[in-house]
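Asker: Structure: coords25.txt, compact mmCIF, C-alpha atoms.
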```txt
# COMPACT_ATOMS: atom_id res chain seq x y z
CA MET A 189 170.03 18.80 -58.82
CA SER A 190 170.67 16.65 -55.72
CA MET A 191 168.61 17.20 -52.56
CA LEU A 192 169.58 17.39 -48.89
CA ILE A 193 166.97 17.72 -46.12
CA LEU A 194 167.93 18.98 -42.66
CA ARG A 195 166.05 20.30 -39.61
CA ASP A 196 166.73 23.40 -37.56
CA ASN A 197 168.64 23.29 -34.25
CA THR A 198 169.90 19.76 -34.96
CA LYS A 199 173.33 18.11 -35.08
CA TYR A 200 174.27 15.75 -37.91
CA SER A 201 177.11 13.39 -38.65
CA SER A 202 177.83 12.49 -42.26
CA THR A 203 177.64 9.00 -43.70
CA SER A 204 179.38 7.61 -46.75
CA ASP A 205 176.22 8.31 -48.77
CA ASN A 206 175.92 12.03 -47.97
CA LEU A 207 179.54 13.02 -47.29
CA GLU A 208 179.90 14.86 -50.61
CA LYS A 209 176.65 16.75 -50.03
CA TYR A 210 177.85 17.92 -46.63
CA LEU A 211 181.17 19.02 -48.07
CA SER A 212 179.41 21.06 -50.76
CA LEU A 213 178.00 23.27 -47.96
CA GLN A 214 181.43 24.63 -47.01
CA ASN A 215 180.80 27.84 -48.95
CA ILE A 216 177.88 28.81 -46.68
CA ALA A 217 178.89 27.06 -43.44
CA ASN A 218 180.63 28.94 -40.61
CA ARG A 219 179.55 32.27 -42.13
CA ASN A 220 177.19 34.49 -40.21
CA VAL A 221 173.89 35.70 -41.58
CA SER A 222 175.03 39.31 -42.06
CA GLU A 223 178.04 38.23 -44.09
CA LEU A 224 175.90 36.16 -46.44
CA LEU A 225 173.47 39.02 -46.94
CA ASP A 226 176.25 41.55 -47.55
CA ASP A 227 177.50 39.51 -50.51
CA LYS A 228 175.71 41.32 -53.35
CA ASP A 229 176.34 38.46 -55.78
CA ASN A 230 174.08 36.15 -53.76
CA ASN A 231 170.35 35.94 -54.42
CA LEU A 232 169.53 34.99 -50.85
CA LEU A 233 166.63 36.37 -48.81
CA ILE A 234 166.42 35.96 -45.05
CA TYR A 235 163.21 37.09 -43.41
CA PRO A 236 163.04 39.48 -41.62
CA HIS A 237 166.70 40.50 -41.93
CA SER A 238 166.58 41.23 -45.66
CA PHE A 239 163.68 43.65 -45.20
CA TYR A 240 164.04 45.34 -41.81
CA GLN A 241 166.86 46.69 -39.70
CA CYS A 242 167.31 44.16 -36.91
CA GLU A 243 168.76 45.02 -33.53
CA ASP A 244 169.24 41.49 -32.17
CA GLU A 245 172.19 39.13 -32.38
CA THR A 246 170.83 36.83 -35.08
CA GLY A 247 172.82 38.55 -37.81
CA LYS A 248 176.01 37.57 -36.01
CA GLN A 249 175.09 33.90 -35.77
CA PRO A 250 176.34 31.36 -38.33
CA LEU A 251 173.86 29.88 -40.76
CA LEU A 252 175.44 26.44 -40.37
CA LEU A 253 178.34 25.08 -38.32
CA LEU A 254 180.53 22.55 -40.13
CA GLN A 255 183.58 20.61 -38.95
CA THR A 256 185.60 18.23 -41.09
CA HIS A 257 187.70 15.28 -39.96
CA TRP A 258 190.63 14.21 -42.11
CA LYS A 259 192.65 11.01 -42.35
CA GLU A 260 195.59 10.61 -44.69
CA ARG A 261 194.68 13.84 -46.56
CA LYS A 262 191.15 12.62 -47.14
CA CYS A 263 188.02 13.93 -45.48
CA THR A 264 186.38 11.00 -43.72
CA LYS A 265 183.66 12.66 -41.66
CA VAL A 266 181.72 15.92 -41.47
CA MET A 267 179.89 17.23 -38.41
CA LEU A 268 177.08 19.66 -39.20
CA GLU A 269 174.86 21.74 -36.91
CA THR A 270 171.91 23.88 -37.98
CA GLY A 271 170.60 26.98 -36.24
CA ASN A 272 167.35 28.95 -36.23
CA MET A 273 166.96 29.21 -40.01
CA ALA A 274 164.50 27.21 -42.11
CA GLY A 275 163.73 27.34 -45.82
CA PHE A 276 165.58 26.56 -49.06
CA ILE A 277 169.06 27.22 -50.43
CA GLY A 278 170.51 26.28 -53.80
CA ILE A 279 174.28 26.14 -54.28
CA ASN A 280 176.55 24.32 -56.72
CA GLY A 281 173.87 21.89 -57.91
CA LEU A 282 172.69 21.07 -54.38
CA SER A 283 169.23 21.98 -53.15
CA LEU A 284 169.27 22.27 -49.35
CA SER A 285 165.92 22.16 -47.58
CA ILE A 286 165.93 23.08 -43.88
CA HIS A 287 162.67 22.13 -42.17
CA SER A 288 161.52 23.01 -38.68
CA ARG A 289 162.63 20.37 -36.20
CA PHE A 290 158.97 19.46 -35.67
CA SER A 291 158.60 18.35 -39.27
CA GLN A 292 157.87 14.61 -39.53
CA ASP A 293 157.74 14.37 -43.32
CA SER A 294 160.55 14.76 -45.84
CA LYS A 295 158.25 16.57 -48.28
CA GLU A 296 156.08 18.78 -46.10
CA ASP A 297 156.84 21.11 -43.22
CA PHE A 298 153.40 21.78 -41.79
CA PHE A 299 154.62 23.70 -38.74
CA LEU A 300 156.66 26.20 -40.76
CA HIS A 301 153.77 26.77 -43.17
CA TYR A 302 151.36 27.13 -40.26
CA MET A 303 153.46 29.83 -38.57
CA LEU A 304 153.83 31.66 -41.87
CA SER A 305 150.10 31.58 -42.48
CA LYS A 306 149.42 32.93 -38.98
CA VAL A 307 152.09 35.64 -39.05
CA PHE A 308 151.11 36.82 -42.54
CA CYS A 309 147.36 36.41 -41.88
CA ILE A 310 146.74 33.95 -44.71
CA ASN A 311 144.04 31.31 -44.68
CA VAL A 312 145.57 28.21 -46.28
CA LEU A 313 143.97 24.83 -45.63
CA ASN A 314 145.56 22.75 -48.38
CA LEU A 315 149.24 22.39 -49.22
CA SER A 316 150.54 20.56 -52.25
CA HIS A 317 154.14 20.96 -53.35
CA GLY A 318 156.41 19.38 -55.87
CA THR A 319 160.02 20.49 -56.15
CA SER A 320 161.83 22.72 -53.70
CA ASP A 321 161.83 25.50 -56.30
CA GLU A 322 158.04 25.53 -56.24
CA GLN A 323 158.07 25.71 -52.44
CA LEU A 324 160.63 28.52 -52.60
CA PHE A 325 158.30 30.48 -54.87
CA ASP A 326 155.35 29.83 -52.54
CA PHE A 327 157.38 31.14 -49.60
CA LEU A 328 158.01 34.37 -51.52
CA LEU A 329 154.30 34.68 -52.19
CA TYR A 330 153.39 34.22 -48.53
CA MET A 331 154.87 37.63 -47.74
CA PHE A 332 153.35 39.59 -50.60
CA PRO A 333 149.82 40.37 -49.25
CA ARG A 334 151.14 41.63 -45.91
CA PHE A 335 153.87 43.76 -47.47
CA LEU A 336 151.37 45.12 -50.01
CA ASN A 337 148.81 46.05 -47.35
CA GLU A 338 151.43 47.65 -45.10
CA ALA A 339 152.69 49.77 -47.99
CA LEU A 340 149.20 50.83 -49.10
CA SER A 341 148.42 51.90 -45.51
CA GLN A 342 150.76 54.83 -46.22
CA GLY A 343 148.82 55.71 -49.37
CA ILE A 344 149.58 54.96 -53.01
CA TYR A 345 153.20 55.76 -53.79
CA LYS A 346 153.59 58.90 -55.88
CA GLU A 347 156.55 60.78 -57.25
CA TYR A 348 157.32 63.51 -59.72
CA LYS A 349 157.06 62.45 -63.35
CA ARG A 350 157.81 64.49 -66.45
CA ASN A 351 154.92 64.56 -68.92
CA GLU A 352 154.95 66.02 -72.40
CA TYR A 353 151.91 67.76 -73.92
CA ASN A 354 151.00 69.45 -77.15
CA ASP A 355 147.84 71.56 -76.80
CA ALA A 356 146.63 75.13 -76.31
CA ASN A 357 146.52 74.98 -72.48
CA VAL A 358 150.15 75.78 -71.70
CA ARG A 359 150.97 75.11 -68.05
CA GLY A 360 154.63 74.14 -68.09
CA THR A 361 157.96 74.65 -69.84
CA ILE A 362 157.72 75.22 -73.59
CA ASN A 363 159.86 72.84 -75.62
CA ILE A 364 161.01 75.03 -78.55
CA ASN A 365 162.58 72.27 -80.65
CA ARG A 366 159.60 69.93 -80.33
CA HIS A 367 157.19 72.81 -80.95
CA LEU A 368 158.95 73.83 -84.20
CA ARG A 369 159.09 70.20 -85.30
CA THR A 370 155.43 69.36 -84.70
CA ASN A 371 153.46 72.62 -84.86
CA MET A 372 154.84 74.46 -87.87
CA PRO A 373 153.12 75.96 -89.67
CA PHE A 374 151.39 77.17 -86.48
CA ASN A 375 148.22 75.21 -85.74
CA GLY A 376 147.19 76.76 -82.40
CA ARG A 377 148.97 74.16 -80.22
CA ILE A 378 152.09 74.59 -78.09
CA ALA A 379 154.54 71.80 -77.24
CA TYR A 380 155.45 71.89 -73.54
CA SER A 381 156.35 69.61 -70.62
CA THR A 382 155.37 69.54 -66.96
CA ARG A 383 156.72 67.93 -63.81
CA GLU A 384 153.75 66.49 -61.96
CA PHE A 385 153.04 64.11 -59.10
CA SER A 386 151.87 60.78 -60.48
CA HIS A 387 150.67 57.51 -58.96
CA ASP A 388 151.61 55.72 -62.19
CA ASN A 389 155.38 55.42 -61.72
CA HIS A 390 158.15 52.82 -61.73
CA VAL A 391 157.31 51.59 -58.19
CA THR A 392 153.56 51.12 -58.66
CA GLU A 393 154.22 49.59 -62.08
CA LEU A 394 156.57 47.08 -60.40
CA ILE A 395 153.83 46.13 -57.94
CA ARG A 396 151.32 45.83 -60.81
CA HIS A 397 153.63 43.52 -62.74
CA THR A 398 154.08 41.40 -59.61
CA ILE A 399 150.33 41.12 -59.10
CA ASP A 400 149.92 40.04 -62.71
CA TYR A 401 152.78 37.53 -62.41
CA ILE A 402 151.65 35.76 -59.24
CA SER A 403 148.00 35.71 -60.32
CA LYS A 404 149.02 33.18 -62.97
CA SER A 405 149.36 30.46 -60.30
CA LYS A 406 146.48 28.97 -58.33
CA PHE A 407 148.22 29.59 -55.00
CA GLY A 408 148.96 33.18 -56.01
CA ARG A 409 145.34 33.88 -56.93
CA THR A 410 144.27 32.46 -53.57
CA LEU A 411 146.57 34.85 -51.74
CA LEU A 412 145.39 37.89 -53.70
CA GLU A 413 141.79 37.02 -52.84
CA ASN A 414 142.56 36.07 -49.24
CA ASP A 415 140.74 38.95 -47.51
CA SER A 416 138.96 42.22 -48.26
CA GLU A 417 142.00 44.36 -47.39
CA THR A 418 144.21 42.55 -49.89
CA ARG A 419 141.53 42.69 -52.59
CA THR A 420 141.17 46.43 -52.01
CA SER A 421 144.93 46.95 -52.21
CA VAL A 422 145.13 45.03 -55.49
CA THR A 423 142.27 47.11 -56.93
CA GLN A 424 143.99 50.35 -55.90
CA ILE A 425 147.24 49.38 -57.63
CA ILE A 426 145.43 48.34 -60.81
CA SER A 427 143.53 51.64 -60.89
CA ALA A 428 146.73 53.63 -60.32
CA THR A 429 148.62 52.05 -63.25
CA PRO A 430 146.64 52.74 -66.46
CA SER A 431 149.83 52.64 -68.56
CA TYR A 432 150.62 49.03 -67.55
CA CYS A 433 152.09 46.97 -70.39
CA ARG A 434 153.10 43.33 -69.95
CA GLN A 435 155.88 43.65 -72.56
CA GLU A 436 157.67 46.33 -70.49
CA ARG A 437 158.34 44.05 -67.50
CA GLU A 438 162.12 43.92 -67.97
CA ILE A 439 162.26 47.70 -68.32
CA VAL A 440 160.26 48.13 -65.10
CA VAL A 441 162.48 45.67 -63.23
CA LYS A 442 165.65 47.49 -64.30
CA SER A 443 164.20 50.86 -63.28
CA ASN A 444 163.67 49.49 -59.74
CA LEU A 445 167.14 48.06 -59.15
CA LYS A 446 167.97 51.17 -57.15
CA GLU A 447 166.31 50.92 -53.75
CA ILE A 448 163.83 53.69 -52.99
CA ASN A 449 164.56 55.67 -49.84
CA HIS A 450 161.56 57.85 -49.14
CA PRO A 451 161.05 59.21 -45.60
CA TYR A 452 157.27 58.95 -45.84
CA TYR A 453 156.76 55.86 -48.01
CA SER A 454 159.13 53.76 -45.90
CA ARG A 455 157.05 50.57 -46.16
CA TYR A 456 157.42 50.50 -49.92
CA THR A 457 161.11 49.61 -49.63
CA PRO A 458 160.59 46.01 -48.37
CA LEU A 459 157.72 45.59 -50.86
CA GLN A 460 159.99 46.71 -53.69
CA LYS A 461 162.64 44.15 -52.65
CA LEU A 462 160.08 41.37 -52.52
CA CYS A 463 158.56 42.24 -55.90
CA LEU A 464 161.98 42.15 -57.55
CA ARG A 465 162.70 38.69 -56.12
CA ILE A 466 159.32 37.36 -57.24
CA LEU A 467 159.66 38.72 -60.79
CA ARG A 468 163.25 37.51 -61.08
CA HIS A 469 162.46 34.07 -59.66
CA GLU A 470 163.06 32.16 -62.91
CA LYS A 471 166.32 33.97 -63.47
CA ILE A 472 167.45 33.23 -59.92
CA LYS A 473 166.71 29.52 -60.29
CA TYR A 474 168.39 28.88 -63.61
CA GLY A 475 170.99 31.59 -63.94
CA GLU A 476 173.25 30.87 -60.99
CA LYS A 477 177.01 30.90 -61.27
CA LYS A 478 179.35 28.61 -59.39
CA ASN A 479 179.46 29.15 -55.60
CA LYS A 480 176.60 31.65 -55.78
CA ILE A 481 173.75 31.16 -53.36
CA HIS A 482 170.05 31.55 -54.05
CA GLY A 483 167.00 30.84 -51.97
CA ILE A 484 164.91 32.07 -49.07
CA LEU A 485 165.28 31.41 -45.35
CA PHE A 486 163.14 32.33 -42.38
CA ASP A 487 164.34 33.13 -38.89
CA VAL A 488 162.15 30.55 -37.15
CA SER A 489 162.74 32.06 -33.71
CA TYR A 490 161.30 35.34 -35.03
CA LEU A 491 158.34 33.51 -36.60
CA TRP A 492 157.72 31.72 -33.30
CA GLU A 493 157.67 35.03 -31.46
CA GLU A 494 155.32 36.64 -33.99
CA TYR A 495 153.11 33.55 -34.07
CA LEU A 496 152.64 33.68 -30.29
CA ALA A 497 151.89 37.40 -30.65
CA THR A 498 148.82 36.54 -32.77
CA ILE A 499 147.49 34.72 -29.69
CA LEU A 500 148.77 36.75 -26.73
CA THR A 501 147.94 40.23 -28.02
CA LYS A 502 144.29 39.14 -28.01
CA GLN A 503 144.72 38.23 -24.34
CA GLY A 504 145.72 41.77 -23.35
CA PHE A 505 149.50 41.45 -23.77
CA LYS A 506 151.62 44.23 -25.20
CA HIS A 507 154.20 43.14 -27.77
CA PRO A 508 157.22 45.46 -28.10
CA ASN A 509 159.15 45.06 -31.35
CA ASN A 510 162.89 45.69 -31.40
CA LYS A 511 163.10 45.08 -35.16
CA LYS A 512 160.76 48.00 -35.83
CA GLY A 513 161.85 50.00 -32.80
CA PHE A 514 158.71 50.53 -30.71
CA GLY A 515 157.30 49.58 -27.31
CA CYS A 516 160.55 49.38 -25.34
CA ILE A 517 160.93 49.72 -21.58
CA TYR A 518 163.85 51.56 -19.93
CA LEU A 519 166.11 50.25 -17.20
CA ALA A 520 167.49 53.70 -16.28
CA LYS A 521 166.21 57.23 -15.89
CA HIS A 522 166.02 59.71 -18.76
CA ASN A 523 165.07 56.93 -21.21
CA ARG A 524 168.41 55.19 -20.93
CA LEU A 525 169.14 51.47 -21.41
CA PRO A 526 166.13 50.54 -23.58
CA ARG A 527 165.03 46.89 -23.55
CA TYR A 528 162.36 44.92 -25.41
CA PRO A 529 160.53 42.16 -23.53
CA ASP A 530 158.62 39.90 -25.90
CA TYR A 531 155.22 40.36 -24.21
CA TYR A 532 153.89 41.75 -20.95
CA ARG A 533 150.49 42.32 -19.41
CA GLU A 534 150.20 45.15 -16.94
CA TYR A 535 147.11 44.34 -14.88
CA ASP A 536 148.52 41.05 -13.52
CA ARG A 537 152.21 41.90 -14.05
CA LEU A 538 152.81 38.88 -16.27
CA ILE A 539 155.87 38.78 -18.55
CA VAL A 540 156.25 36.20 -21.33
CA ASP A 541 159.32 35.36 -23.38
CA ALA A 542 159.11 33.31 -26.60
CA LYS A 543 161.93 30.80 -26.82
CA TYR A 544 162.12 28.62 -29.92
CA LYS A 545 165.43 26.95 -29.13
CA LYS A 546 165.47 23.70 -27.20
CA GLU A 547 166.92 25.01 -23.94
CA THR A 548 167.05 28.35 -22.12
CA ASN A 549 170.48 29.46 -20.92
CA ARG A 550 171.90 31.71 -18.19
CA ASP A 551 171.54 34.84 -20.34
CA ASP A 552 167.87 34.09 -21.03
CA ILE A 553 167.17 33.69 -17.31
CA HIS A 554 169.11 36.81 -16.35
CA GLN A 555 167.27 38.82 -19.00
CA MET A 556 163.85 37.65 -17.81
CA ILE A 557 164.65 38.38 -14.16
CA THR A 558 165.84 41.86 -15.17
CA TYR A 559 162.48 42.51 -16.86
CA MET A 560 160.61 41.15 -13.86
CA TYR A 561 162.41 43.34 -11.31
CA GLN A 562 162.13 46.47 -13.48
CA MET A 563 158.39 45.93 -14.10
CA LYS A 564 157.70 44.42 -10.64
CA GLY A 565 156.53 41.29 -12.44
CA LYS A 566 154.65 38.57 -10.56
CA ARG A 567 155.34 35.84 -13.09
CA GLY A 568 157.85 35.36 -15.85
CA ILE A 569 157.11 32.58 -18.32
CA PHE A 570 159.25 31.11 -21.08
CA VAL A 571 157.04 29.58 -23.80
CA GLN A 572 158.84 26.88 -25.81
CA PRO A 573 157.51 24.52 -28.49
CA GLY A 574 157.63 20.81 -27.67
CA ASP A 575 156.02 17.40 -28.11
CA LYS A 576 153.48 17.68 -25.31
CA GLU A 577 152.07 20.29 -22.96
CA TYR A 578 153.56 20.64 -19.47
CA LEU A 579 155.23 23.06 -17.06
CA LYS A 580 158.90 22.17 -17.27
CA ASP A 581 160.38 24.35 -14.53
CA ILE A 582 159.06 26.52 -11.70
CA PHE A 583 161.38 28.76 -9.66
CA HIS A 584 160.31 30.89 -6.68
CA LEU A 585 162.39 34.05 -6.86
CA LEU A 586 164.05 35.74 -3.89
CA GLY A 587 164.45 39.46 -3.35
CA TYR A 588 160.81 40.55 -3.55
CA GLY A 589 160.34 40.91 0.21
CA GLU A 590 158.26 38.87 2.61
CA GLU A 591 154.92 40.16 1.31
CA GLU A 592 155.61 39.53 -2.37
CA ASN A 593 155.93 36.32 -4.35
CA ALA A 594 157.29 35.87 -7.86
CA GLU A 595 157.74 32.83 -10.05
CA LEU A 596 159.80 32.00 -13.10
CA GLN A 597 158.32 29.21 -15.24
CA THR A 598 158.93 27.33 -18.48
CA TYR A 599 155.78 26.28 -20.33
CA ILE A 600 156.07 23.70 -23.12
CA TYR A 601 153.64 24.44 -25.95
CA PRO A 602 152.57 21.25 -27.78
CA ILE A 603 153.20 21.05 -31.53
CA SER A 604 151.09 18.59 -33.49
CA ARG A 605 152.87 15.60 -35.02
CA ILE A 606 150.12 14.86 -37.56
CA THR A 607 151.51 14.25 -41.05
CA ASP A 608 148.61 12.85 -43.07
CA SER A 609 146.97 16.19 -43.94
CA TYR A 610 147.56 19.88 -43.32
CA LYS A 611 143.90 20.37 -42.41
CA SER A 612 144.18 17.83 -39.57
CA PHE A 613 147.41 19.46 -38.43
CA VAL A 614 145.68 22.86 -38.25
CA SER A 615 142.86 21.36 -36.20
CA GLU A 616 145.32 20.07 -33.60
CA MET A 617 147.23 23.36 -33.48
CA LEU A 618 143.99 25.22 -32.75
CA LYS A 619 143.60 23.00 -29.68
CA SER A 620 147.08 24.01 -28.52
CA GLU A 621 146.16 27.66 -28.97
CA ASP A 622 142.95 27.25 -26.97
CA SER A 623 144.93 25.59 -24.18
CA LEU A 624 147.39 28.48 -24.09
CA LYS A 625 144.58 31.02 -23.94
CA THR A 626 142.97 29.11 -21.08
CA LYS A 627 146.17 28.99 -19.07
CA PHE A 628 146.93 32.68 -19.35
CA LYS A 629 143.38 33.78 -18.75
CA LEU A 630 142.37 31.43 -15.92
CA GLU A 631 145.20 29.49 -14.33
CA LEU A 632 147.75 32.29 -14.24
CA GLU A 633 145.62 34.82 -12.38
CA PRO A 634 147.41 37.27 -10.03
CA TYR A 635 148.23 36.03 -6.58
CA GLN A 636 145.58 36.73 -3.99
```
Can you turn what I pasted into C-alpha cells?
Answerer:
Amino acid sequence: MSMLILRDNTKYSSTSDNLEKYLSLQNIANRNVSELLDDKDNNLLIYPHSFYQCEDETGKQPLLLLQTHWKERKCTKVMLETGNMAGFIGINGLSLSIHSRFSQDSKEDFFLHYMLSKVFCINVLNLSHGTSDEQLFDFLLYMFPRFLNEALSQGIYKEYKRNEYNDANVRGTININRHLRTNMPFNGRIAYSTREFSHDNHVTELIRHTIDYISKSKFGRTLLENDSETRTSVTQIISATPSYCRQEREIVVKSNLKEINHPYYSRYTPLQKLCLRILRHEKIKYGEKKNKIHGILFDVSYLWEEYLATILTKQGFKHPNNKKGFGCIYLAKHNRLPRYPDYYREYDRLIVDAKYKKETNRDDIHQMITYMYQMKGKRGIFVQPGDKEYLKDIFHLLGYGEEENAELQTYIYPISRITDSYKSFVSEMLKSEDSLKTKFKLELEPYQ
C-alpha cells in the first residue's frame, strides 16, 4: 500500500512523482463530511460527528478540495487543499495520513496526540508507531476509556432477557412442550420461562469483548489502567458479564449491528459504535472493496476547542457545548435565537473564542462582537495556535459609550516544534499552558 502524508489547512500542488496519488483521492475529494458519513458502505469514522449530533457547519464542509488541470486529454497537474480534518484514510491501495499543520515529522504527529490525550484525559508519555494501520487502531483506543466512563455514569446497561428454568419454584410462564419433554415421568420440577431485567446482555457483552480485545496490546492495557475511574468501569463490566465466552465474539458483534436507542442509556450508543469499530478493525483493514473508504479522522478545530477547555474551565470560564446542546445564551427574549460562545467568564466579562484555522474572517469577528454586546463583554479574545506567543491584533470597539471600554484581541498560542521525543514536546506544551493561565488570570484583569 502506497503512502501519502498531508497536513491540515494546507494547499498542495502535485509533482510528477505524486500525481497518481493525488488523482486517486478523487473519490473522497470535493465531498462534504456528511455525505461521506451517510454512505453506509464506508467504514469511516469522524470524531465527533460519527458519535454526536452536531449543530455546526463542519458537516457541510468538504474533506478535501481537488482541482485537476488537463492538457491534450491528459491530467498534468492537481491542486489539493486540506481542511480541519486529521487522521488516516485508506482507499484503493492508498494510505492517506493527514497530520496537524504543526507536525514536523513524517512519522509522528505529537500535537494531534497531545490534544487527544488532553481531551480524553489519558496520560501518555511515550509514543512509538509503525504503520498507519497501527496508528489508526491507537486512535480508536484513545476514545474508549472516556466513552466507557461516560456510559457507566448512567449505570450498567440492562434490558429484558428471556431466561428458561426447570425447578419447583415456578415464577413465570410454563412451557408445556419443554416440560413434557424433560420432566416426564413427573419428577417435581416444572419447565418455565421468565422475562427479567439483566445486566448480562448483548451490549455489555460487546463492551466486555472490546475490553478483552484491546487488553491484548501494550497500549490498550495502559489505557485501561490509566486512572481509577477507568479501572472501576472495567471491573463493573467484567462483573456484569459472567456468561462471557471468547468464542462467541462474532455472534455478539452481529447482535449489536442494530444501533440501540434508549432514552435513558443514551451514552451507550456512541460506546456501542466505537466497540464495533474496534472489534472489526482487522476486517476493516483487509476486507475493503474498490472505492470504499476506511479510517478515522478527527475534527481538529473541535479538538482545539476542547483542549483549551481543559485549561480555561479551571480558570473560571464556562464552556457551552453546541454539540451536546447545553449552556447556550439567547439573543432575543423568550429564549429565542440561541447561541453558543466557546467560553466566557462572568466576573470580568471576558469572552474567548477558540480558532484553529490560520486566519479569522468577517463572520468570526461579527459573531464575537455579537456575543460581546449581548453579554456586555469587556474583552473578546480569539485564541489561535501558532509558532510563537504574541498578541496579533488589538481593536478598541465603539458603541459602548464614553464610560465603557471594550477590546477585541487575537492571542497566538505557541505550539512546540520539538520532534526528538514526545516527552520533551509535552514539557514545552506545559509551558505554553502556564503562560495562557498567567495571561488570563493576571494580565487580563477587568478595567479599573
Asker: My list of candidates is A:Gly565, A:Ser283, A:Asn549, A:Ile193. Which is closest to Lys295 of chain A when distances are computed with all atoms listed in the file?
Answerer: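 Closest residue, counting all atoms listed in the file: A:Ile193.
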Asker: Go through segment 559-583 of chain A residue by residue and, counting all atoms listed in the file, keep those with an atom at most 7 Å from segment 521-545 of chain A; for each kept residue give the shortest atom pair and its distance in Å to one decimal, ordered by chain and increasing number, as CSV.
Answerer:
```
residue,atom,partner,partner_atom,distance
A:Tyr559,CA,A:Pro529,CA,7.0
A:Lys564,CA,A:Arg537,CA,6.9
A:Gly565,CA,A:Arg537,CA,4.7
A:Lys566,CA,A:Arg537,CA,5.4
A:Arg567,CA,A:Leu538,CA,5.1
A:Gly568,CA,A:Ile539,CA,4.8
A:Ile569,CA,A:Val540,CA,4.8
A:Phe570,CA,A:Asp541,CA,4.8
A:Val571,CA,A:Ala542,CA,5.1
A:Gln572,CA,A:Lys543,CA,5.1
A:Pro573,CA,A:Tyr544,CA,6.3
```
Asker: Find, counting only C-alpha atoms, the residue in A:Asn365, A:Asn375, A:Ser405, A:Ser421 that gets nearest to Arg334 of chain A.
Answerer: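 Of the candidates, the smallest distance to Arg334 of chain A is held by A:Ser421.
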Asker: Can you check which parts of segment 456-566 of chain A lie within 12 Å of segment 613-626 of chain A? Per residue, the shortest pair of atoms and distance in Å to one decimal, counting only C-alpha atoms, sorted by chain and number, as a tab-separated table.
Answerer:
```
residue	atom	partner	partner_atom	distance
A:Tyr495	CA	A:Glu621	CA	10.4
A:Leu496	CA	A:Glu621	CA	8.9
A:Ala497	CA	A:Glu621	CA	11.4
A:Thr498	CA	A:Glu621	CA	10.0
A:Ile499	CA	A:Glu621	CA	7.2
A:Leu500	CA	A:Lys625	CA	7.6
A:Thr501	CA	A:Lys625	CA	10.6
A:Lys502	CA	A:Lys625	CA	9.1
A:Gln503	CA	A:Lys625	CA	7.2
A:Gly504	CA	A:Lys625	CA	10.8
A:Phe505	CA	A:Lys625	CA	11.5
```
Asker: Store the residues of this selection in a file with C-alpha atoms, as a compact mmCIF listing (two decimals), in the frame of the given file.
Answerer:
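Saved the output as part-v2.txt:
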```txt
# COMPACT_ATOMS: atom_id res chain seq x y z
CA TYR A 495 153.11 33.55 -34.07
CA LEU A 496 152.64 33.68 -30.29
CA ALA A 497 151.89 37.40 -30.65
CA THR A 498 148.82 36.54 -32.77
CA ILE A 499 147.49 34.72 -29.69
CA LEU A 500 148.77 36.75 -26.73
CA THR A 501 147.94 40.23 -28.02
CA LYS A 502 144.29 39.14 -28.01
CA GLN A 503 144.72 38.23 -24.34
CA GLY A 504 145.72 41.77 -23.35
CA PHE A 505 149.50 41.45 -23.77
```
Asker: Between atom CA of Tyr401 of chain A and atom CA of Leu467 of chain A, what is the distance in Å, rounded to a tenth?
Answerer: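 One can read the atom CA of Tyr401 of chain A to atom CA of Leu467 of chain A distance as 7.2 Å.
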Asker: What does the distance from atom CA of Ser609 of chain A to atom CA of His287 of chain A come to in Å, to one decimal?
Answerer: 16.9 Å
